[in-house]
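Colleague: As input, take data-v9.txt (compact mmCIF, C-alpha atoms):
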# COMPACT_ATOMS: atom_id res chain seq x y z
CA MET A 1123 13.02 24.34 19.30
CA THR A 1124 9.55 23.43 18.07
CA MET A 1125 7.55 21.04 20.24
CA PHE A 1126 4.97 18.55 19.08
CA GLU A 1127 1.41 19.76 19.58
CA LEU A 1128 -1.63 17.75 18.59
CA ASP A 1129 -3.68 19.46 15.89
CA PRO A 1130 -6.75 20.99 17.60
CA ARG A 1131 -9.15 19.37 15.13
CA LEU A 1132 -7.75 15.91 15.88
CA ALA A 1133 -7.94 16.71 19.58
CA ALA A 1134 -11.58 17.79 19.26
CA ASP A 1135 -12.70 14.65 17.42
CA THR A 1136 -10.95 12.07 19.60
CA GLU A 1137 -10.26 10.68 23.05
CA ASN A 1138 -6.66 10.26 24.12
CA ILE A 1139 -5.56 6.66 24.69
CA GLY A 1140 -1.85 7.13 25.32
CA MET A 1141 1.61 6.85 23.79
CA LEU A 1142 3.34 4.07 21.91
CA GLY A 1143 7.06 4.40 21.12
CA LEU A 1144 6.56 6.92 18.33
CA SER A 1145 2.90 7.83 18.16
CA ARG A 1146 0.10 9.14 20.25
CA VAL A 1147 -2.93 6.84 20.02
CA LEU A 1148 -6.36 8.43 19.76
CA LEU A 1149 -9.87 6.95 19.62
CA MET A 1150 -12.23 8.62 17.15
CA ARG A 1151 -15.44 9.64 18.91
CA ASP A 1152 -17.66 7.62 16.58
CA ALA A 1153 -19.45 4.69 18.17
CA ARG A 1154 -20.20 3.14 14.77
CA TYR A 1155 -16.63 1.95 14.17
CA PRO A 1156 -13.72 0.91 16.38
CA TRP A 1157 -11.48 3.63 14.93
CA LEU A 1158 -8.01 4.55 16.15
CA ILE A 1159 -5.60 7.21 14.96
CA LEU A 1160 -1.82 7.19 15.30
CA VAL A 1161 -0.12 10.57 15.41
CA PRO A 1162 3.69 10.41 15.39
CA ALA A 1163 4.61 12.82 18.17
CA GLN A 1164 7.14 14.98 16.37
CA PRO A 1165 6.69 18.54 15.16
CA ASN A 1166 6.16 19.53 11.53
CA LEU A 1167 5.27 16.15 10.03
CA VAL A 1168 2.95 16.08 7.02
CA GLU A 1169 3.92 13.10 4.87
CA ILE A 1170 5.15 9.68 6.03
CA SER A 1171 8.42 10.50 4.24
CA ASP A 1172 8.98 13.37 6.70
CA LEU A 1173 9.87 10.70 9.29
CA SER A 1174 13.38 9.26 9.45
CA ALA A 1175 13.72 5.77 7.95
CA ALA A 1176 13.93 4.29 11.44
CA ASP A 1177 10.76 6.08 12.49
CA GLN A 1178 8.98 4.98 9.33
CA THR A 1179 9.73 1.41 10.37
CA LEU A 1180 8.51 2.15 13.88
CA LEU A 1181 5.32 3.67 12.49
CA MET A 1182 4.72 0.52 10.45
CA THR A 1183 5.22 -1.57 13.60
CA GLU A 1184 2.67 0.57 15.42
CA ILE A 1185 0.20 0.43 12.50
CA THR A 1186 0.42 -3.36 12.57
CA ALA A 1187 0.13 -3.58 16.35
CA VAL A 1188 -2.93 -1.33 16.41
CA GLY A 1189 -4.56 -3.22 13.53
CA GLU A 1190 -3.95 -6.53 15.30
CA ALA A 1191 -5.34 -5.12 18.55
CA LEU A 1192 -8.55 -4.08 16.78
CA ALA A 1193 -8.74 -7.48 15.06
CA ASP A 1194 -8.28 -9.33 18.37
CA LEU A 1195 -10.81 -7.22 20.22
CA TYR A 1196 -13.57 -6.87 17.64
CA GLN A 1197 -13.03 -9.60 15.00
CA PRO A 1198 -13.78 -7.23 12.10
CA GLU A 1199 -14.05 -8.40 8.52
CA LYS A 1200 -11.31 -6.00 7.40
CA ILE A 1201 -8.90 -3.47 8.81
CA ASN A 1202 -8.75 -0.20 6.87
CA THR A 1203 -5.57 1.86 7.15
CA GLY A 1204 -5.26 5.35 5.73
CA ALA A 1205 -3.06 8.42 5.86
CA LEU A 1206 -4.93 11.15 3.99
CA GLY A 1207 -4.41 14.57 5.54
CA ASN A 1208 -6.37 16.56 2.98
CA ILE A 1209 -8.19 18.39 5.78
CA VAL A 1210 -5.85 18.05 8.78
CA ARG A 1211 -2.26 18.25 7.53
CA GLN A 1212 -0.54 16.98 10.66
CA LEU A 1213 0.61 13.43 9.83
CA HIS A 1214 -1.88 10.93 11.23
CA VAL A 1215 -2.81 7.38 10.32
CA HIS A 1216 -6.34 6.02 10.67
CA ILE A 1217 -6.84 2.36 11.55
CA VAL A 1218 -10.48 1.33 11.42
CA ALA A 1219 -12.25 -1.99 12.03
CA ARG A 1220 -14.78 -2.56 9.24
CA ASN A 1221 -17.64 -4.96 8.69
CA THR A 1222 -20.18 -5.73 5.99
CA GLY A 1223 -23.21 -3.59 6.70
CA ASP A 1224 -21.45 -0.86 8.66
CA PRO A 1225 -22.71 2.58 7.55
CA ALA A 1226 -19.96 3.29 5.03
CA TRP A 1227 -19.36 -0.29 3.85
CA PRO A 1228 -17.72 -1.07 1.44
CA GLY A 1229 -16.61 2.52 0.90
CA PRO A 1230 -14.18 4.45 3.08
CA VAL A 1231 -15.30 5.93 6.41
CA TRP A 1232 -13.57 9.25 5.75
CA GLY A 1233 -16.06 11.94 4.80
CA HIS A 1234 -18.95 9.46 4.73
CA SER A 1235 -21.29 10.82 7.38
CA ALA A 1236 -21.41 12.55 10.73
CA ALA A 1237 -20.05 10.67 13.73
CA VAL A 1238 -22.41 9.08 16.25
CA ALA A 1239 -21.44 9.76 19.86
CA TYR A 1240 -20.59 6.97 22.28
CA ASP A 1241 -22.62 6.77 25.42
CA GLU A 1242 -20.29 7.35 28.35
CA ALA A 1243 -20.23 3.77 29.64
CA ALA A 1244 -19.51 2.32 26.19
CA LEU A 1245 -16.75 4.89 25.69
CA GLN A 1246 -15.06 4.03 28.96
CA THR A 1247 -15.27 0.31 28.18
CA ARG A 1248 -13.77 0.82 24.75
CA LEU A 1249 -10.95 3.03 26.03
CA GLN A 1250 -10.09 0.51 28.74
CA GLU A 1251 -10.12 -2.55 26.49
CA ILE A 1252 -7.94 -0.84 23.90
CA LYS A 1253 -5.44 0.42 26.51
CA LYS A 1254 -5.22 -3.06 27.98
CA THR A 1255 -4.73 -4.75 24.58
CA LEU A 1256 -2.06 -2.23 23.53
CA GLY A 1257 -0.34 -2.44 26.89
CA ILE A 1258 -0.80 1.27 27.62
CA ALA A 1259 -1.08 2.03 31.32
CA MET B 803 3.02 -24.39 -3.16
CA THR B 804 0.75 -21.45 -3.83
CA MET B 805 2.05 -18.82 -6.22
CA PHE B 806 1.26 -15.12 -6.18
CA GLU B 807 -1.39 -14.14 -8.70
CA LEU B 808 -2.66 -10.62 -9.10
CA ASP B 809 -6.37 -10.28 -8.27
CA PRO B 810 -8.26 -10.05 -11.60
CA ARG B 811 -10.12 -6.93 -10.50
CA LEU B 812 -6.87 -5.11 -9.74
CA ALA B 813 -5.49 -6.32 -13.06
CA ALA B 814 -8.56 -5.05 -14.92
CA ASP B 815 -8.43 -1.55 -13.40
CA THR B 816 -4.71 -0.90 -13.79
CA GLU B 817 -1.66 -0.83 -16.03
CA ASN B 818 1.40 -2.76 -14.93
CA ILE B 819 4.46 -0.64 -14.16
CA GLY B 820 6.85 -3.25 -12.81
CA MET B 821 8.37 -4.74 -9.67
CA LEU B 822 10.06 -3.17 -6.69
CA GLY B 823 11.79 -5.42 -4.14
CA LEU B 824 8.55 -6.62 -2.56
CA SER B 825 5.65 -5.22 -4.51
CA ARG B 826 4.24 -5.05 -7.96
CA VAL B 827 3.55 -1.42 -8.94
CA LEU B 828 0.34 -0.66 -10.82
CA LEU B 829 -1.07 2.55 -12.29
CA MET B 830 -4.81 3.04 -11.78
CA ARG B 831 -6.49 3.75 -15.12
CA ASP B 832 -7.94 7.05 -13.99
CA ALA B 833 -6.54 10.12 -15.71
CA ARG B 834 -7.90 12.43 -12.99
CA TYR B 835 -5.30 11.45 -10.39
CA PRO B 836 -1.71 10.18 -10.50
CA TRP B 837 -2.66 7.00 -8.62
CA LEU B 838 -0.36 4.05 -7.98
CA ILE B 839 -1.02 0.76 -6.22
CA LEU B 840 1.55 -1.46 -4.51
CA VAL B 841 0.72 -5.16 -4.32
CA PRO B 842 3.20 -7.21 -2.27
CA ALA B 843 3.86 -10.18 -4.55
CA GLN B 844 3.25 -13.02 -2.11
CA PRO B 845 0.28 -15.38 -2.00
CA ASN B 846 -2.56 -15.18 0.53
CA LEU B 847 -1.95 -11.70 1.95
CA VAL B 848 -4.95 -9.76 3.22
CA GLU B 849 -3.75 -7.53 6.07
CA ILE B 850 -0.41 -5.73 6.40
CA SER B 851 0.21 -7.91 9.45
CA ASP B 852 0.22 -10.99 7.18
CA LEU B 853 3.67 -9.85 6.00
CA SER B 854 6.78 -10.75 7.99
CA ALA B 855 8.21 -7.89 10.06
CA ALA B 856 11.04 -7.48 7.54
CA ASP B 857 8.58 -7.28 4.66
CA GLN B 858 6.42 -4.79 6.57
CA THR B 859 9.49 -2.58 6.75
CA LEU B 860 10.16 -3.11 3.06
CA LEU B 861 6.55 -2.23 2.25
CA MET B 862 6.90 1.00 4.20
CA THR B 863 10.08 1.79 2.25
CA GLU B 864 8.22 1.22 -1.00
CA ILE B 865 5.21 3.28 0.14
CA THR B 866 7.56 6.17 0.90
CA ALA B 867 9.50 5.79 -2.34
CA VAL B 868 6.33 5.76 -4.43
CA GLY B 869 4.87 8.73 -2.55
CA GLU B 870 8.08 10.68 -3.07
CA ALA B 871 8.12 9.77 -6.76
CA LEU B 872 4.59 11.12 -7.18
CA ALA B 873 5.52 14.25 -5.22
CA ASP B 874 8.61 14.84 -7.37
CA LEU B 875 6.79 14.27 -10.64
CA TYR B 876 3.50 16.05 -10.01
CA GLN B 877 4.01 18.41 -7.04
CA PRO B 878 0.66 17.51 -5.47
CA GLU B 879 -0.73 19.26 -2.43
CA LYS B 880 -0.97 15.98 -0.50
CA ILE B 881 -0.18 12.31 -0.87
CA ASN B 882 -3.00 9.97 0.21
CA THR B 883 -2.04 6.47 1.26
CA GLY B 884 -4.59 3.77 1.96
CA ALA B 885 -4.91 0.03 2.44
CA LEU B 886 -8.63 -0.71 2.51
CA GLY B 887 -9.45 -4.05 0.85
CA ASN B 888 -13.17 -4.01 1.56
CA ILE B 889 -13.89 -4.96 -2.06
CA VAL B 890 -10.65 -6.58 -3.25
CA ARG B 891 -9.17 -8.58 -0.36
CA GLN B 892 -5.71 -9.13 -1.82
CA LEU B 893 -3.40 -6.81 0.15
CA HIS B 894 -2.79 -3.65 -1.85
CA VAL B 895 -1.81 -0.11 -0.94
CA HIS B 896 -3.05 2.93 -2.83
CA ILE B 897 -0.80 5.98 -3.14
CA VAL B 898 -2.55 8.92 -4.75
CA ALA B 899 -1.43 12.46 -5.58
CA ARG B 900 -4.17 14.87 -4.49
CA ASN B 901 -4.87 18.54 -5.10
CA THR B 902 -7.44 21.13 -4.07
CA GLY B 903 -10.18 21.02 -6.64
CA ASP B 904 -9.62 17.47 -7.86
CA PRO B 905 -12.97 15.66 -8.24
CA ALA B 906 -12.98 13.97 -4.83
CA TRP B 907 -11.17 16.72 -2.87
CA PRO B 908 -10.97 16.84 0.14
CA GLY B 909 -12.62 13.43 0.50
CA PRO B 910 -11.06 10.10 -0.39
CA VAL B 911 -10.84 8.95 -4.01
CA TRP B 912 -12.03 5.44 -3.16
CA GLY B 913 -15.63 4.89 -4.18
CA HIS B 914 -16.06 8.52 -5.20
CA SER B 915 -16.92 8.31 -8.89
CA ALA B 916 -16.19 6.37 -12.06
CA ALA B 917 -12.69 6.54 -13.46
CA VAL B 918 -11.93 8.70 -16.50
CA ALA B 919 -9.81 6.92 -19.10
CA TYR B 920 -6.40 8.21 -20.14
CA ASP B 921 -5.89 8.94 -23.79
CA GLU B 922 -3.22 6.60 -25.08
CA ALA B 923 -0.44 9.17 -25.45
CA ALA B 924 -0.98 10.55 -21.95
CA LEU B 925 -1.02 7.02 -20.55
CA GLN B 926 2.28 6.13 -22.21
CA THR B 927 3.87 9.36 -21.00
CA ARG B 928 2.71 8.73 -17.45
CA LEU B 929 3.90 5.11 -17.44
CA GLN B 930 7.30 6.11 -18.75
CA GLU B 931 7.85 8.99 -16.34
CA ILE B 932 6.86 6.85 -13.36
CA LYS B 933 9.08 3.94 -14.45
CA LYS B 934 11.99 6.31 -14.88
CA THR B 935 11.48 8.01 -11.50
CA LEU B 936 11.15 4.66 -9.71
CA GLY B 937 14.15 3.20 -11.55
CA ILE B 938 12.10 0.37 -13.08
CA ALA B 939 13.43 -0.77 -16.44
Could you write out this structure as structure tokens?

Modeller:
Amino acid sequence: MTMFELDPRLAADTENIGMLGLSRVLLMRDARYPWLILVPAQPNLVEISDLSAADQTLLMTEITAVGEALADLYQPEKINTGALGNIVRQLHVHIVARNTGDPAWPGPVWGHSAAVAYDEAALQTRLQEIKKTLGIA
Amino acid sequence: MTMFELDPRLAADTENIGMLGLSRVLLMRDARYPWLILVPAQPNLVEISDLSAADQTLLMTEITAVGEALADLYQPEKINTGALGNIVRQLHVHIVARNTGDPAWPGPVWGHSAAVAYDEAALQTRLQEIKKTLGIA
């Protein structure tokens, strides 16, 4: 039996927030954007269609919940949602809070420019507020 | 009562393919990528969370169906799915067939470079094969 293992590149670029029903929630280590990633915690997923129909619905529920959490916390102008996977093939969905004047605006954040590290206090604050809003212990 | 009207910018950049249960299906006029757009045909939608829970599920079903249609027709290396809306706010979901060596690879197609027009015969072929695969009359 194959177990789910987080892709090492995703692990290297993110902080772990916790689990929702289907997906692991990660915070991208880029202080410029509130940027979360959902990774459905099943082995061998590449495309959304690799999930069962029920899990596709659950993924959509989690995408919406995470987008609403970012909207509630940070009042962004727009939520951007994307499942690309051209570089990291393990199925993962980006959910990013965007604003006029952010570094990549109005283009996509993916591939735009190198991440800017959080300072440790800001990172801990962000992790805690997101956990609390998503109801993750 | 407000009626659904397709954003004029989306209309200008695309060819109409037809309706699925929830969404209008559009083909981006860019011969470099098989690139479809789903636009849920309800007024005043901006974020996915503006849809009812049932319609969010239906949208996910349509995203998967369109991605699988592109995969069946064109055998791409990866399907890219994205709902950005930084420029056009009307809720719309891009589903793009991507391959190593395509102009934007491995970055996102959005904002990368100007579209390349289809020649008319290739456009008609593409529209017909997509309609047939999606079961749109």

Colleague: Show which residues sit within 9 Å of range 872-874 of chain B, as an NGL selection string. Count only C-alpha atoms, and ignore same-chain residues fewer than 5 positions away.

Modeller: :B and (836-838 or 867 or 879-881 or 897-899 or 932 or 935)

Colleague: For the residues selected in the previous step, produce a file with C-alpha atoms as a CSV table (one decimal), in the coordinates of the input.

Modeller:
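Result went into result.csv, see below:
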chain,number,residue,atom,x,y,z
B,836,PRO,CA,-1.7,10.2,-10.5
B,837,TRP,CA,-2.7,7.0,-8.6
B,838,LEU,CA,-0.4,4.0,-8.0
B,867,ALA,CA,9.5,5.8,-2.3
B,879,GLU,CA,-0.7,19.3,-2.4
B,880,LYS,CA,-1.0,16.0,-0.5
B,881,ILE,CA,-0.2,12.3,-0.9
B,897,ILE,CA,-0.8,6.0,-3.1
B,898,VAL,CA,-2.6,8.9,-4.8
B,899,ALA,CA,-1.4,12.5,-5.6
B,932,ILE,CA,6.9,6.8,-13.4
B,935,THR,CA,11.5,8.0,-11.5

Colleague: Point out the residue among A:Leu1149, A:Ile1159, A:Leu1180, A:Ala1133 with the least atom-to-atom distance to His1214 in chain A, counting only C-alpha atoms.

Modeller: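 Closest residue, counting only C-alpha atoms: A:Ile1159.
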
Colleague: For chain A, which residue out of B:Pro810, B:Gly887, B:Gly937, B:Pro905 is the nearest one, using all atoms listed in the file?

Modeller: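 Smallest separation from chain A among the options: B:Gly887.
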
Colleague: Distance cut-off 9 Å, centre (11.5, -3.4, -6.5) in file coordinates, counting all atoms listed in the file: which residues qualify? Return them as number ranges by chain.

Modeller: B: 820-827, 864, 936-938

Colleague: Check which residues of chain B sit at most 8 Å from chain A using only C-alpha atoms, and return one row each with the closest pair of atoms and their distance in Å to one decimal, ordered by chain and rising number, as CSV.

Modeller:
residue,atom,partner,partner_atom,distance
B:Glu849,CA,A:Ile1201,CA,7.1
B:Ile850,CA,A:Thr1186,CA,6.7
B:Ser851,CA,A:Thr1186,CA,5.5
B:Ala855,CA,A:Thr1183,CA,7.8
B:Gln858,CA,A:Met1182,CA,6.8
B:Thr859,CA,A:Thr1179,CA,5.4
B:Met862,CA,A:Met1182,CA,6.6
B:Thr863,CA,A:Gln1178,CA,7.8
B:Thr866,CA,A:Ser1171,CA,5.5
B:Gly869,CA,A:Ser1171,CA,7.9
B:Glu870,CA,A:Ser1171,CA,7.3
B:Lys880,CA,A:Asn1208,CA,6.5
B:Ile881,CA,A:Leu1206,CA,6.9
B:Asn882,CA,A:Leu1206,CA,4.4
B:Thr883,CA,A:Ala1205,CA,5.1
B:Gly884,CA,A:Gly1204,CA,4.1
B:Ala885,CA,A:Thr1203,CA,5.1
B:Leu886,CA,A:Asn1202,CA,4.4
B:Gly887,CA,A:Lys1200,CA,7.1
B:Asn888,CA,A:Pro1228,CA,5.4
B:Ile889,CA,A:Pro1228,CA,6.5
B:Arg900,CA,A:Asn1208,CA,8.0
B:Trp907,CA,A:Asn1208,CA,7.6
B:Pro908,CA,A:Asn1208,CA,5.4
B:Gly909,CA,A:Gly1233,CA,5.7
B:Pro910,CA,A:Trp1232,CA,6.7
B:Trp912,CA,A:Pro1230,CA,6.7
B:Gly913,CA,A:Gly1229,CA,5.7

Colleague: What is the distance between CA of Met830 in chain B and CA of Asn846 in chain B, in Å to one decimal?

Modeller: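 Atom-to-atom, CA of Met830 in chain B and CA of Asn846 in chain B are spaced 22.1 Å apart.
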
Colleague: Kindly extract all protein, DNA and RNA residues lying within 9 Å of the coordinates (1.9, 10.9, -15.5) given in the file, considering all atoms listed in the file, and supply them as a PyMOL selection string.

Modeller: chain B and resi 833+835-836+872+875-876+924-932

Colleague: Go ahead and dump the residues you just picked, C-alpha atoms, as a PDB file, in the coordinates of the input.

Modeller:
ATOM      1  CA  ALA B 833      -6.540  10.120 -15.710  1.00  0.00           C
ATOM      2  CA  TYR B 835      -5.300  11.450 -10.390  1.00  0.00           C
ATOM      3  CA  PRO B 836      -1.710  10.180 -10.500  1.00  0.00           C
ATOM      4  CA  LEU B 872       4.590  11.120  -7.180  1.00  0.00           C
ATOM      5  CA  LEU B 875       6.790  14.270 -10.640  1.00  0.00           C
ATOM      6  CA  TYR B 876       3.500  16.050 -10.010  1.00  0.00           C
ATOM      7  CA  ALA B 924      -0.980  10.550 -21.950  1.00  0.00           C
ATOM      8  CA  LEU B 925      -1.020   7.020 -20.550  1.00  0.00           C
ATOM      9  CA  GLN B 926       2.280   6.130 -22.210  1.00  0.00           C
ATOM     10  CA  THR B 927       3.870   9.360 -21.000  1.00  0.00           C
ATOM     11  CA  ARG B 928       2.710   8.730 -17.450  1.00  0.00           C
ATOM     12  CA  LEU B 929       3.900   5.110 -17.440  1.00  0.00           C
ATOM     13  CA  GLN B 930       7.300   6.110 -18.750  1.00  0.00           C
ATOM     14  CA  GLU B 931       7.850   8.990 -16.340  1.00  0.00           C
ATOM     15  CA  ILE B 932       6.860   6.850 -13.360  1.00  0.00           C
TER      16      ILE B 932
END
